[in-house]
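Shown next: upload27.txt, containing compact mmCIF, C-alpha atoms.
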# COMPACT_ATOMS: atom_id res chain seq x y z
CA MET A 1 88.07 18.72 174.15
CA ASN A 2 85.28 19.96 176.37
CA GLU A 3 85.60 22.84 178.82
CA GLY A 4 83.73 24.56 181.57
CA PRO A 5 81.78 27.66 180.62
CA GLU A 6 84.07 30.03 182.48
CA HIS A 7 87.17 29.18 180.44
CA GLN A 8 87.37 28.78 176.70
CA ALA A 9 91.06 27.86 176.44
CA GLY A 10 91.94 24.19 176.73
CA PRO A 11 94.36 22.87 179.35
CA THR A 12 97.98 23.30 178.47
CA HIS A 13 99.04 20.21 180.42
CA PRO A 14 96.99 17.12 179.62
CA MET A 15 98.18 14.87 182.43
CA ILE A 16 97.27 14.83 186.10
CA SER A 17 100.11 14.07 188.48
CA PRO A 18 99.84 13.22 192.17
CA HIS A 19 103.60 12.86 192.60
CA SER A 20 104.53 16.39 193.58
CA ALA A 21 105.82 16.90 197.09
CA ARG A 22 103.22 17.83 199.68
CA LYS A 23 103.52 21.36 201.07
CA ALA A 24 102.77 22.51 204.57
CA THR A 25 100.55 25.44 203.55
CA ARG A 26 97.58 25.26 201.23
CA VAL A 27 97.87 27.22 198.02
CA GLN A 28 94.76 29.11 196.93
CA GLU A 29 95.56 28.86 193.22
CA ALA A 30 96.89 25.36 192.69
CA PRO A 31 98.91 24.70 189.53
CA PRO A 32 97.29 22.80 186.67
CA PRO A 33 97.91 19.05 186.50
CA SER A 34 101.04 17.96 184.71
CA GLY A 35 103.34 14.99 184.36
CA PRO A 36 102.61 11.28 183.89
CA PRO A 37 99.72 9.54 185.68
CA ALA A 38 100.24 7.34 188.73
CA TRP A 39 98.05 4.32 189.43
CA ASP A 40 98.93 3.37 192.98
CA GLY A 41 100.21 6.56 194.56
CA PRO A 42 103.75 7.72 195.19
CA PRO A 43 106.47 5.05 195.27
CA PRO A 44 107.37 3.61 198.69
CA PRO A 45 110.65 4.68 200.31
CA GLN A 46 113.67 2.62 199.37
CA ARG A 47 114.99 0.40 202.16
CA PRO A 48 118.31 -1.45 202.15
CA PRO A 49 117.93 -5.20 201.49
CA VAL A 50 118.00 -7.43 204.56
CA GLN A 51 121.01 -9.71 204.67
CA ARG A 52 120.02 -13.32 205.37
CA SER A 53 122.19 -16.27 206.25
CA THR A 54 122.41 -19.44 204.18
CA MET A 55 120.60 -21.47 206.86
CA GLU A 56 117.69 -19.01 206.90
CA ARG A 57 117.39 -19.28 203.14
CA MET A 58 117.45 -23.08 203.36
CA ARG A 59 114.69 -23.04 205.98
CA ASP A 60 112.54 -20.82 203.75
CA LEU A 61 113.08 -22.98 200.68
CA PRO A 62 110.23 -25.50 201.35
CA GLY A 63 107.73 -22.65 201.54
CA LYS A 64 108.72 -21.49 198.03
CA VAL A 65 108.31 -24.89 196.32
CA SER A 66 104.87 -25.76 194.99
CA ILE A 67 102.98 -28.78 196.30
CA ARG A 68 103.27 -30.45 192.88
CA TRP A 69 107.08 -30.33 192.98
CA ARG A 70 107.17 -31.31 196.64
CA LEU A 71 105.18 -34.46 195.83
CA THR A 72 107.44 -35.10 192.84
CA ILE A 73 110.63 -34.71 194.86
CA THR A 74 109.26 -36.85 197.70
CA TYR A 75 108.24 -39.67 195.34
CA SER A 76 111.58 -39.53 193.49
CA ALA A 77 113.57 -39.49 196.73
CA MET A 78 111.72 -42.56 198.02
CA VAL A 79 112.28 -44.48 194.78
CA PHE A 80 115.93 -43.41 194.70
CA ALA A 81 116.45 -44.46 198.33
CA ALA A 82 114.82 -47.85 197.66
CA ALA A 83 117.06 -48.36 194.62
CA ALA A 84 120.14 -47.40 196.66
CA VAL A 85 119.24 -49.88 199.41
CA LEU A 86 118.74 -52.56 196.77
CA LEU A 87 122.15 -51.74 195.25
CA PHE A 88 124.06 -52.07 198.50
CA SER A 89 122.13 -55.20 199.39
CA MET A 90 123.14 -56.74 196.06
CA TYR A 91 126.72 -55.64 196.74
CA TYR A 92 126.94 -57.82 199.83
CA VAL A 93 124.78 -60.60 198.37
CA VAL A 94 127.11 -60.98 195.37
CA GLY A 95 130.16 -61.13 197.64
CA ASN A 96 128.61 -63.70 199.94
CA SER A 97 127.36 -65.75 196.98
CA ILE A 98 130.86 -65.97 195.48
CA VAL A 99 132.38 -66.87 198.82
CA THR A 100 129.70 -69.49 199.51
CA GLY A 101 129.84 -71.02 196.03
CA TRP A 102 133.63 -70.98 195.71
CA PRO A 103 134.89 -74.59 195.38
CA ASN A 104 137.43 -76.06 197.78
CA LEU A 105 140.94 -76.87 196.48
CA ASN A 106 141.81 -80.61 196.29
CA THR A 107 145.33 -81.13 197.74
CA ARG A 108 145.39 -84.95 197.98
CA GLY A 109 148.76 -86.53 197.17
CA VAL A 110 150.58 -83.21 197.57
CA ASP A 111 153.08 -82.53 200.30
CA ALA A 112 152.12 -80.14 203.07
CA ILE A 113 154.30 -77.22 201.92
CA THR A 114 153.00 -77.32 198.36
CA ALA A 115 149.45 -77.74 199.64
CA ALA A 116 149.77 -74.66 201.90
CA ILE A 117 151.12 -72.55 199.04
CA ALA A 118 148.35 -73.71 196.71
CA GLN A 119 145.68 -73.06 199.36
CA ALA A 120 146.97 -69.50 199.91
CA GLN A 121 146.93 -68.81 196.17
CA TRP A 122 143.43 -70.28 195.92
CA SER A 123 142.22 -68.01 198.78
CA ASP A 124 143.78 -64.94 197.14
CA THR A 125 142.09 -65.83 193.86
CA LYS A 126 138.73 -66.10 195.67
CA GLN A 127 139.12 -62.69 197.32
CA LEU A 128 140.20 -61.15 194.01
CA ALA A 129 137.14 -62.63 192.29
CA VAL A 130 134.84 -61.25 195.00
CA ALA A 131 136.42 -57.79 194.79
CA LYS A 132 136.32 -57.78 190.98
CA ALA A 133 132.68 -58.84 190.87
CA GLN A 134 131.69 -56.21 193.44
CA ASP A 135 133.58 -53.48 191.57
CA VAL A 136 131.89 -54.36 188.27
CA LEU A 137 128.53 -54.45 190.07
CA LEU A 138 129.09 -51.01 191.57
CA GLN A 139 130.19 -49.47 188.26
CA ASN A 140 127.15 -50.76 186.42
CA ALA A 141 124.77 -50.22 189.35
CA PHE A 142 125.66 -46.54 189.78
CA MET A 143 124.79 -45.88 186.14
CA ALA A 144 121.57 -47.83 186.59
CA LEU A 145 120.86 -45.89 189.80
CA LEU A 146 121.29 -42.59 187.95
CA GLY A 147 118.87 -43.75 185.28
CA VAL A 148 116.39 -44.91 187.94
CA GLY A 149 116.62 -41.49 189.64
CA ILE A 150 115.85 -39.62 186.40
CA LEU A 151 113.03 -42.03 185.56
CA ALA A 152 111.65 -41.70 189.11
CA LEU A 153 111.68 -37.91 188.78
CA ILE A 154 109.70 -38.06 185.52
CA ILE A 155 107.25 -40.65 186.78
CA GLY A 156 106.91 -38.76 190.08
CA TYR A 157 105.93 -35.60 188.24
CA PHE A 158 103.17 -37.39 186.34
CA VAL A 159 101.99 -39.16 189.49
CA ALA A 160 101.85 -35.82 191.33
CA ASP A 161 100.03 -34.28 188.38
CA ARG A 162 97.43 -37.02 188.46
CA ALA A 163 97.08 -36.71 192.23
CA MET A 164 96.65 -32.92 191.96
CA ARG A 165 94.17 -33.10 189.07
CA PRO A 166 91.07 -33.01 191.32
CA VAL A 167 92.52 -29.99 193.15
CA ALA A 168 93.15 -28.28 189.80
CA GLN A 169 89.54 -29.01 188.83
CA MET A 170 88.31 -27.41 192.06
CA THR A 171 90.54 -24.37 191.44
CA THR A 172 89.25 -23.95 187.88
CA THR A 173 85.65 -24.18 189.03
CA ALA A 174 86.25 -21.66 191.82
CA ARG A 175 87.76 -19.18 189.35
CA LYS A 176 84.75 -19.47 187.05
CA LEU A 177 82.26 -18.96 189.85
CA SER A 178 80.41 -15.71 190.29
CA GLU A 179 77.08 -14.71 191.75
CA SER A 180 75.37 -15.42 188.45
CA THR A 181 76.84 -18.96 188.10
CA LEU A 182 76.43 -20.21 191.66
CA ALA A 183 72.99 -21.64 190.87
CA HIS A 184 74.12 -24.18 188.27
CA GLN A 185 77.90 -24.70 188.50
CA ARG A 186 79.45 -27.25 190.86
CA ILE A 187 82.64 -29.31 191.02
CA ALA A 188 80.75 -32.66 191.08
CA LEU A 189 83.95 -34.68 191.53
CA GLU A 190 83.57 -38.36 190.69
CA GLY A 191 85.62 -41.18 192.15
CA PRO A 192 86.13 -43.10 195.39
CA ASN A 193 85.09 -41.60 198.71
CA ASP A 194 88.56 -40.42 199.67
CA GLU A 195 89.80 -37.16 201.17
CA LEU A 196 89.68 -35.26 197.85
CA LYS A 197 86.10 -36.38 197.18
CA GLU A 198 85.11 -35.27 200.67
CA LEU A 199 86.78 -31.88 200.11
CA ALA A 200 84.98 -31.40 196.77
CA ASP A 201 81.60 -32.33 198.29
CA THR A 202 82.18 -29.90 201.14
CA PHE A 203 83.02 -27.14 198.66
CA ASP A 204 79.85 -27.90 196.65
CA ALA A 205 77.76 -27.69 199.81
CA MET A 206 79.35 -24.31 200.61
CA LEU A 207 78.50 -23.07 197.10
CA THR A 208 74.89 -24.08 197.64
CA ARG A 209 74.74 -22.10 200.87
CA LEU A 210 76.33 -19.09 199.14
CA ASN A 211 73.75 -19.27 196.36
CA VAL A 212 70.94 -19.25 198.92
CA ALA A 213 72.58 -16.25 200.65
CA PHE A 214 72.86 -14.31 197.38
CA ASP A 215 69.24 -15.07 196.51
CA THR A 216 68.21 -13.81 199.92
CA GLN A 217 70.26 -10.65 199.43
CA ARG A 218 68.71 -9.99 196.02
CA ARG A 219 65.21 -10.41 197.41
CA PHE A 220 66.05 -8.13 200.33
CA VAL A 221 67.36 -5.38 198.04
CA ALA A 222 64.26 -5.61 195.83
CA ASN A 223 61.91 -5.53 198.82
CA ALA A 224 63.84 -2.75 200.54
CA SER A 225 63.73 -0.69 197.35
CA HIS A 226 59.93 -0.83 197.43
CA GLU A 227 59.31 -0.71 201.17
CA LEU A 228 61.67 2.20 201.84
CA ARG A 229 61.02 4.37 198.82
CA THR A 230 57.22 4.22 198.90
CA PRO A 231 56.70 5.84 202.34
CA LEU A 232 59.21 8.59 201.53
CA THR A 233 57.47 9.29 198.24
CA ILE A 234 54.14 9.54 200.06
CA ASN A 235 55.68 11.87 202.66
CA ARG A 236 57.09 14.12 199.95
CA THR A 237 53.74 14.29 198.17
CA VAL A 238 51.85 15.14 201.39
CA LEU A 239 54.36 17.84 202.28
CA GLU A 240 54.25 19.39 198.83
CA ILE A 241 50.43 19.50 198.95
CA ALA A 242 50.55 21.09 202.39
CA LEU A 243 53.05 23.71 201.22
CA SER A 244 50.86 24.55 198.21
CA ASP A 245 47.90 25.37 200.47
CA PRO A 246 47.41 29.19 200.43
CA ALA A 247 45.91 29.08 203.92
CA ALA A 248 49.05 27.53 205.45
CA SER A 249 50.88 29.75 207.93
CA GLU A 250 54.51 30.78 207.55
CA ASP A 251 55.55 28.59 210.48
CA LEU A 252 53.84 25.60 208.89
CA LYS A 253 55.53 26.30 205.56
CA ALA A 254 58.94 26.64 207.23
CA LEU A 255 58.37 23.32 209.00
CA GLY A 256 57.26 21.75 205.72
CA ARG A 257 60.34 22.93 203.88
CA THR A 258 62.58 21.55 206.64
CA LEU A 259 60.79 18.21 206.50
CA LEU A 260 61.12 18.18 202.71
CA GLU A 261 64.88 18.66 203.02
CA VAL A 262 65.09 15.83 205.55
CA ASN A 263 62.92 13.63 203.33
CA ALA A 264 65.09 14.41 200.28
CA ARG A 265 68.21 13.50 202.20
CA ASN A 266 66.66 10.20 203.33
CA GLU A 267 65.66 9.42 199.75
CA LYS A 268 69.19 10.11 198.59
CA LEU A 269 70.65 7.98 201.39
CA ILE A 270 68.37 5.04 200.58
CA GLU A 271 69.14 5.36 196.88
CA GLY A 272 72.87 5.33 197.69
CA LEU A 273 72.56 2.27 199.93
CA LEU A 274 70.58 0.36 197.30
CA LEU A 275 73.06 1.34 194.60
CA LEU A 276 75.94 0.27 196.84
CA ALA A 277 74.28 -3.12 197.40
CA ARG A 278 73.72 -3.48 193.66
CA SER A 279 77.30 -2.47 192.85
CA GLU A 280 78.77 -5.05 195.21
CA ARG A 281 77.05 -7.88 193.33
CA ASP A 282 78.11 -9.37 190.03
CA LEU A 283 77.27 -7.28 186.97
CA ALA A 284 73.88 -8.11 185.47
CA VAL A 285 74.62 -6.03 182.33
CA ARG A 286 77.77 -6.44 180.26
CA LYS A 287 77.97 -4.65 176.93
CA PRO A 288 80.43 -2.46 175.04
CA VAL A 289 80.76 0.98 176.64
CA GLU A 290 82.59 4.08 175.46
CA VAL A 291 83.77 5.71 178.67
CA GLN A 292 84.47 8.96 176.83
CA GLU A 293 80.72 9.33 176.23
CA VAL A 294 79.93 8.23 179.78
CA ALA A 295 82.27 10.88 181.19
CA GLN A 296 80.87 13.55 178.87
CA THR A 297 77.33 12.79 180.10
CA ALA A 298 78.49 12.92 183.72
CA VAL A 299 80.20 16.28 183.13
CA GLU A 300 77.04 17.73 181.58
CA GLN A 301 74.99 16.56 184.56
CA VAL A 302 77.35 18.02 187.16
CA MET A 303 78.01 21.30 185.33
CA PRO A 304 75.05 23.23 186.89
CA PHE A 305 76.14 22.04 190.32
CA ALA A 306 79.72 23.19 189.60
CA GLN A 307 78.54 26.60 188.38
CA GLU A 308 76.48 27.01 191.53
CA HIS A 309 79.60 26.46 193.64
CA GLY A 310 81.85 28.57 191.41
CA VAL A 311 83.98 25.62 190.30
CA THR A 312 85.55 25.40 186.84
CA VAL A 313 85.54 21.94 185.24
CA THR A 314 88.27 21.28 182.67
CA THR A 315 88.05 18.08 180.64
CA GLU A 316 90.28 16.04 178.38
CA LEU A 317 88.19 13.14 177.12
CA VAL A 318 89.83 10.60 174.82
CA SER A 319 88.28 7.39 173.49
CA ALA A 320 88.35 4.57 176.07
CA PRO A 321 86.27 1.47 175.20
CA THR A 322 85.47 -1.24 177.75
CA ILE A 323 82.85 -3.86 178.67
CA GLY A 324 80.44 -3.24 181.54
CA ASP A 325 77.30 -1.59 182.84
CA PRO A 326 77.05 1.94 181.40
CA VAL A 327 74.60 3.09 184.10
CA LEU A 328 76.90 2.08 186.94
CA LEU A 329 79.96 3.53 185.21
CA GLU A 330 78.17 6.83 184.63
CA ARG A 331 77.10 6.93 188.27
CA SER A 332 80.65 6.28 189.48
CA VAL A 333 82.09 9.11 187.35
CA SER A 334 79.26 11.42 188.47
CA ASN A 335 80.02 10.62 192.11
CA LEU A 336 83.68 11.47 191.61
CA LEU A 337 82.82 14.78 189.98
CA GLU A 338 80.21 15.67 192.63
CA ASN A 339 82.70 14.94 195.40
CA ALA A 340 85.36 16.98 193.60
CA VAL A 341 82.96 19.94 193.47
CA LYS A 342 81.61 19.56 197.03
CA TYR A 343 85.00 19.33 198.71
CA ASN A 344 86.66 22.21 196.87
CA ILE A 345 88.02 25.59 197.88
CA PRO A 346 85.43 28.36 198.52
CA GLU A 347 86.51 30.55 195.59
CA ASN A 348 87.93 29.84 192.14
CA GLY A 349 87.79 26.08 192.63
CA LYS A 350 88.94 23.81 189.82
CA VAL A 351 88.21 20.23 188.76
CA TRP A 352 90.06 18.28 186.08
CA ILE A 353 88.78 15.07 184.46
CA ARG A 354 90.36 13.02 181.75
CA THR A 355 89.80 9.64 180.09
CA GLY A 356 92.01 7.59 177.82
CA MET A 357 94.17 4.49 177.45
CA ALA A 358 97.50 4.01 179.22
CA ASP A 359 99.63 0.87 179.51
CA GLY A 360 96.92 -1.20 177.84
CA ALA A 361 94.23 -0.21 180.36
CA LEU A 362 91.36 2.25 180.44
CA VAL A 363 92.00 5.26 182.68
CA VAL A 364 89.60 7.75 184.25
CA GLN A 365 91.25 10.38 186.43
CA VAL A 366 89.63 13.19 188.42
CA ALA A 367 91.58 15.84 190.34
CA ASN A 368 90.43 18.91 192.25
CA THR A 369 91.61 21.81 194.31
CA GLY A 370 90.57 21.69 197.93
CA GLN A 371 91.70 21.39 201.48
CA HIS A 372 94.78 19.42 202.40
CA VAL A 373 94.11 15.67 202.75
CA PRO A 374 96.55 13.73 204.96
CA ALA A 375 97.92 10.64 203.23
CA TYR A 376 96.83 8.38 206.11
CA GLU A 377 93.20 9.55 205.70
CA VAL A 378 92.90 8.74 201.98
CA ASN A 379 92.08 5.02 202.21
CA SER A 380 89.43 5.58 204.88
CA LEU A 381 87.50 7.90 202.53
CA PHE A 382 86.41 4.85 200.51
CA GLU A 383 84.62 3.35 203.52
CA PRO A 384 80.84 3.88 203.81
CA PHE A 385 79.70 6.91 205.87
CA ARG A 386 83.23 8.31 206.08
CA ARG A 387 84.04 11.94 205.31
CA LEU A 388 87.21 13.92 205.87
CA HIS A 389 87.26 15.57 209.33
CA ALA A 390 83.58 14.62 209.85
CA ASP A 391 81.68 12.09 211.90
CA ARG A 392 78.71 10.01 210.76
CA VAL A 393 76.03 12.42 211.96
CA GLU A 394 77.32 15.41 209.99
CA SER A 395 75.31 15.56 206.78
CA ALA A 396 75.89 18.97 205.26
CA LYS A 397 77.69 17.53 202.24
CA GLY A 398 76.15 14.09 201.98
CA ALA A 399 76.02 10.69 203.64
CA GLY A 400 79.56 9.60 202.76
CA LEU A 401 78.58 6.88 200.27
CA GLY A 402 79.90 8.42 197.04
CA LEU A 403 83.42 6.96 197.02
CA SER A 404 82.17 3.65 198.46
CA ILE A 405 79.84 3.28 195.48
CA VAL A 406 82.66 4.20 193.08
CA ARG A 407 84.96 1.57 194.57
CA ALA A 408 82.23 -1.11 194.46
CA VAL A 409 81.45 -0.33 190.80
CA VAL A 410 85.13 -0.39 189.81
CA HIS A 411 85.74 -3.71 191.57
CA ALA A 412 82.63 -5.21 189.95
CA HIS A 413 84.14 -4.31 186.56
CA GLY A 414 87.45 -5.99 187.44
CA GLY A 415 89.37 -2.73 187.89
CA ASN A 416 91.09 -0.86 190.69
CA ILE A 417 90.91 2.64 192.11
CA SER A 418 93.53 4.71 193.92
CA ALA A 419 93.65 8.18 195.43
CA VAL A 420 96.58 10.32 196.51
CA PRO A 421 96.84 13.85 197.97
CA ARG A 422 97.39 16.57 195.40
CA ASP A 423 100.00 19.28 195.69
CA GLY A 424 98.29 22.44 196.90
CA GLY A 425 95.33 20.56 198.34
CA GLY A 426 92.64 18.24 197.06
CA LEU A 427 92.82 14.71 195.73
CA VAL A 428 93.75 12.87 192.56
CA VAL A 429 91.54 9.82 192.07
CA THR A 430 92.49 7.34 189.34
CA ILE A 431 90.30 4.52 188.03
CA ARG A 432 91.84 1.80 185.93
CA LEU A 433 89.60 -0.69 184.07
CA PRO A 434 90.37 -3.52 181.67
CA ARG A 435 90.08 -2.55 178.02
CA ARG A 436 87.54 -4.04 175.65

Turn this file's structure into structure tokens for me.
Amino acid sequence: MNEGPEHQAGPTHPMISPHSARKATRVQEAPPPSGPPAWDGPPPPQRPPVQRSTMERMRDLPGKVSIRWRLTITYSAMVFAAAAVLLFSMYYVVGNSIVTGWPNLNTRGVDAITAAIAQAQWSDTKQLAVAKAQDVLLQNAFMALLGVGILALIIGYFVADRAMRPVAQMTTTARKLSESTLAHQRIALEGPNDELKELADTFDAMLTRLNVAFDTQRRFVANASHELRTPLTINRTVLEIALSDPAASEDLKALGRTLLEVNARNEKLIEGLLLLARSERDLAVRKPVEVQEVAQTAVEQVMPFAQEHGVTVTTELVSAPTIGDPVLLERSVSNLLENAVKYNIPENGKVWIRTGMADGALVVQVANTGQHVPAYEVNSLFEPFRRLHADRVESAKGAGLGLSIVRAVVHAHGGNISAVPRDGGGLVVTIRLPRR
């Protein structure tokens, strides 16, 4: 465990907790971090469930069924309806066929009374035969209809799966795409010129335009890095030479020192903008990284700055392996620590940093003492050129790019970042990255 130079004893509470209730007054000596970590801030307030009627749930049901099952159900319903129509058509056809093909009774040589009785019995027999045949047809047909419905459901699922296969191919390709694969990966759907082929071709054309846009952005960043840094470097050199001249007056030296400060700030701003542009692109370097070592290096770099501001840095660094760009990860941790030192209390300020594994993910957490941060202001701090209670022209503590760069680096590594106000003032910022 590594510690700041002002304290030799390690922290008694290894965890940093943002869950404590926020107090109205700021405490000068905030308590050390304790309790379990929190990834996404305090839990939302519990609200009673909304009671919904049966009709409302029925109306919302189509929106919860996937397109694959909607196609399957539609196909099965159409086949089932066609089979039902065929069944009832056969019901009446069988009855009419029996009636039409029923032979007439021969009553020659029989008296009228006997003939009438025989004709009535013959008619009853015909109606009984029709009813019996229709009943047997219905009994057998309903079983056949049930089998047709099950078969239609199975066949409908495979038909829907085949119809959705080009869409699944487009989805798979879109998931694989990144800035580095746009140049050579396309859907390239083969088949007839139907609606799906037109959609795939349109998507391929959009990928081509995106690739051109990314190439243009990369060239712009490379050119801007040269065109913007070179004049500032020349200005700094000229000013340093002028300040080293023994014949220079005090007014000239004061002006030179002011211009050097302005030039240094512009260099830092340009470096931050270029780093932000680089962080928002896909990672060009992916290799195994031990974040414990990255954090230790960042702490060593920021320690003189912390001592200058009278801030004690307490660390708890545990092994946390991942895959990514070590330079960008080190810069993101350094930015968090620099911000934690800059925006701290005037005297006896404290900063805590820890790394480790929790819930199967890599965790980096930085907390500090400082002024009270309203909860509604936290998310805006990750936007470029935003500082707490400061406008864009105020530059005493920086340009407001530190947290923006951290968020871009974390997102480029497939992680997430959250910040919550800390009890007693300050912030607790938590980075969560996928493990190696």

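Close to (114.7, -36.8, 195.8), meaning no more than 12 Å away when counting only C-alpha atoms, sit the residues Trp69, Arg70, Leu71, Thr72, Ile73, Thr74, Tyr75, Ser76, Ala77, Met78, Val79, Phe80, Ala81, Ala82, Ala83, Ala84, Leu146, Val148, Gly149, Ile150, Leu151, Ala152, Leu153, Ile154, Gly156 and Tyr157 of chain A.
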
Would you kindly return, as a JSON list (two decimals) with C-alpha atoms, keeping the file's coordinate frame, each protein, DNA or RNA residue with an atom no farther than 9 Å from any atom of range 340-349 of chain A, considering all atoms listed in the file and excluding same-chain residues fewer than 2 positions away?
[["chain", "number", "residue", "atom", "x", "y", "z"],
["A", 28, "GLN", "CA", 94.76, 29.11, 196.93],
["A", 29, "GLU", "CA", 95.56, 28.86, 193.22],
["A", 302, "VAL", "CA", 77.35, 18.02, 187.16],
["A", 305, "PHE", "CA", 76.14, 22.04, 190.32],
["A", 306, "ALA", "CA", 79.72, 23.19, 189.60],
["A", 309, "HIS", "CA", 79.60, 26.46, 193.64],
["A", 310, "GLY", "CA", 81.85, 28.57, 191.41],
["A", 311, "VAL", "CA", 83.98, 25.62, 190.30],
["A", 312, "THR", "CA", 85.55, 25.40, 186.84],
["A", 313, "VAL", "CA", 85.54, 21.94, 185.24],
["A", 335, "ASN", "CA", 80.02, 10.62, 192.11],
["A", 336, "LEU", "CA", 83.68, 11.47, 191.61],
["A", 337, "LEU", "CA", 82.82, 14.78, 189.98],
["A", 338, "GLU", "CA", 80.21, 15.67, 192.63],
["A", 351, "VAL", "CA", 88.21, 20.23, 188.76],
["A", 352, "TRP", "CA", 90.06, 18.28, 186.08],
["A", 366, "VAL", "CA", 89.63, 13.19, 188.42],
["A", 367, "ALA", "CA", 91.58, 15.84, 190.34],
["A", 368, "ASN", "CA", 90.43, 18.91, 192.25],
["A", 369, "THR", "CA", 91.61, 21.81, 194.31],
["A", 370, "GLY", "CA", 90.57, 21.69, 197.93],
["A", 371, "GLN", "CA", 91.70, 21.39, 201.48],
["A", 397, "LYS", "CA", 77.69, 17.53, 202.24],
["A", 425, "GLY", "CA", 95.33, 20.56, 198.34],
["A", 426, "GLY", "CA", 92.64, 18.24, 197.06],
["A", 427, "LEU", "CA", 92.82, 14.71, 195.73]]

Practice task
Name the residues in contact with Ile431 in chain A at a cut-off of 7 Å, using all atoms listed in the file, excluding same-chain residues fewer than 3 positions from it; report them as an NGL selection string.
Solution key: :A and (363-365 or 416-418)

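Summary of the local environment: counting all atoms listed in the file, residues at most 9 Å from range 259-262 of chain A, other than itself and those fewer than 5 positions away along its chain, are Asn235, Arg236, Leu239, Glu240, Ala254 and Glu267 of chain A.
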
Write the residues of the preceding selection, restricted to C-alpha atoms, as a PDB file, keeping the file's coordinate frame.
ATOM      1  CA  ASN A 235      55.680  11.870 202.660  1.00  0.00           C
ATOM      2  CA  ARG A 236      57.090  14.120 199.950  1.00  0.00           C
ATOM      3  CA  LEU A 239      54.360  17.840 202.280  1.00  0.00           C
ATOM      4  CA  GLU A 240      54.250  19.390 198.830  1.00  0.00           C
ATOM      5  CA  ALA A 254      58.940  26.640 207.230  1.00  0.00           C
ATOM      6  CA  GLU A 267      65.660   9.420 199.750  1.00  0.00           C
TER       7      GLU A 267
END

Problem - Pick from A:Glu330, A:Asp201, A:Phe158, A:Leu274 nearest to Phe220 in chain A, counting all atoms listed in the file - result: A:Leu274

Practice task
Please measure the separation of CA of Asp423 in chain A and CA of Leu401 in chain A, giving the value in Å to one decimal.
Solution key: 25.2 Å

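Minimum atom-to-atom distance to Val378 in chain A, evaluated using all atoms listed in the file, belongs to A:Val429 out of A:Leu255, A:Ala295, A:Ala412, A:Val429.
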
Exercise for the section: Counting all atoms listed in the file, figure out which residue out of A:Lys197, A:Leu228, A:Asn140, A:Gln185 gets nearest to Pro166 in chain A. Expected result: A:Lys197

Problem - Atom-to-atom span, CA of Gln292 in chain A and CA of Phe382 in chain A, Å - result: 24.1 Å

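The space between CA of Gly324 in chain A and CA of Val289 in chain A spans 6.5 Å.
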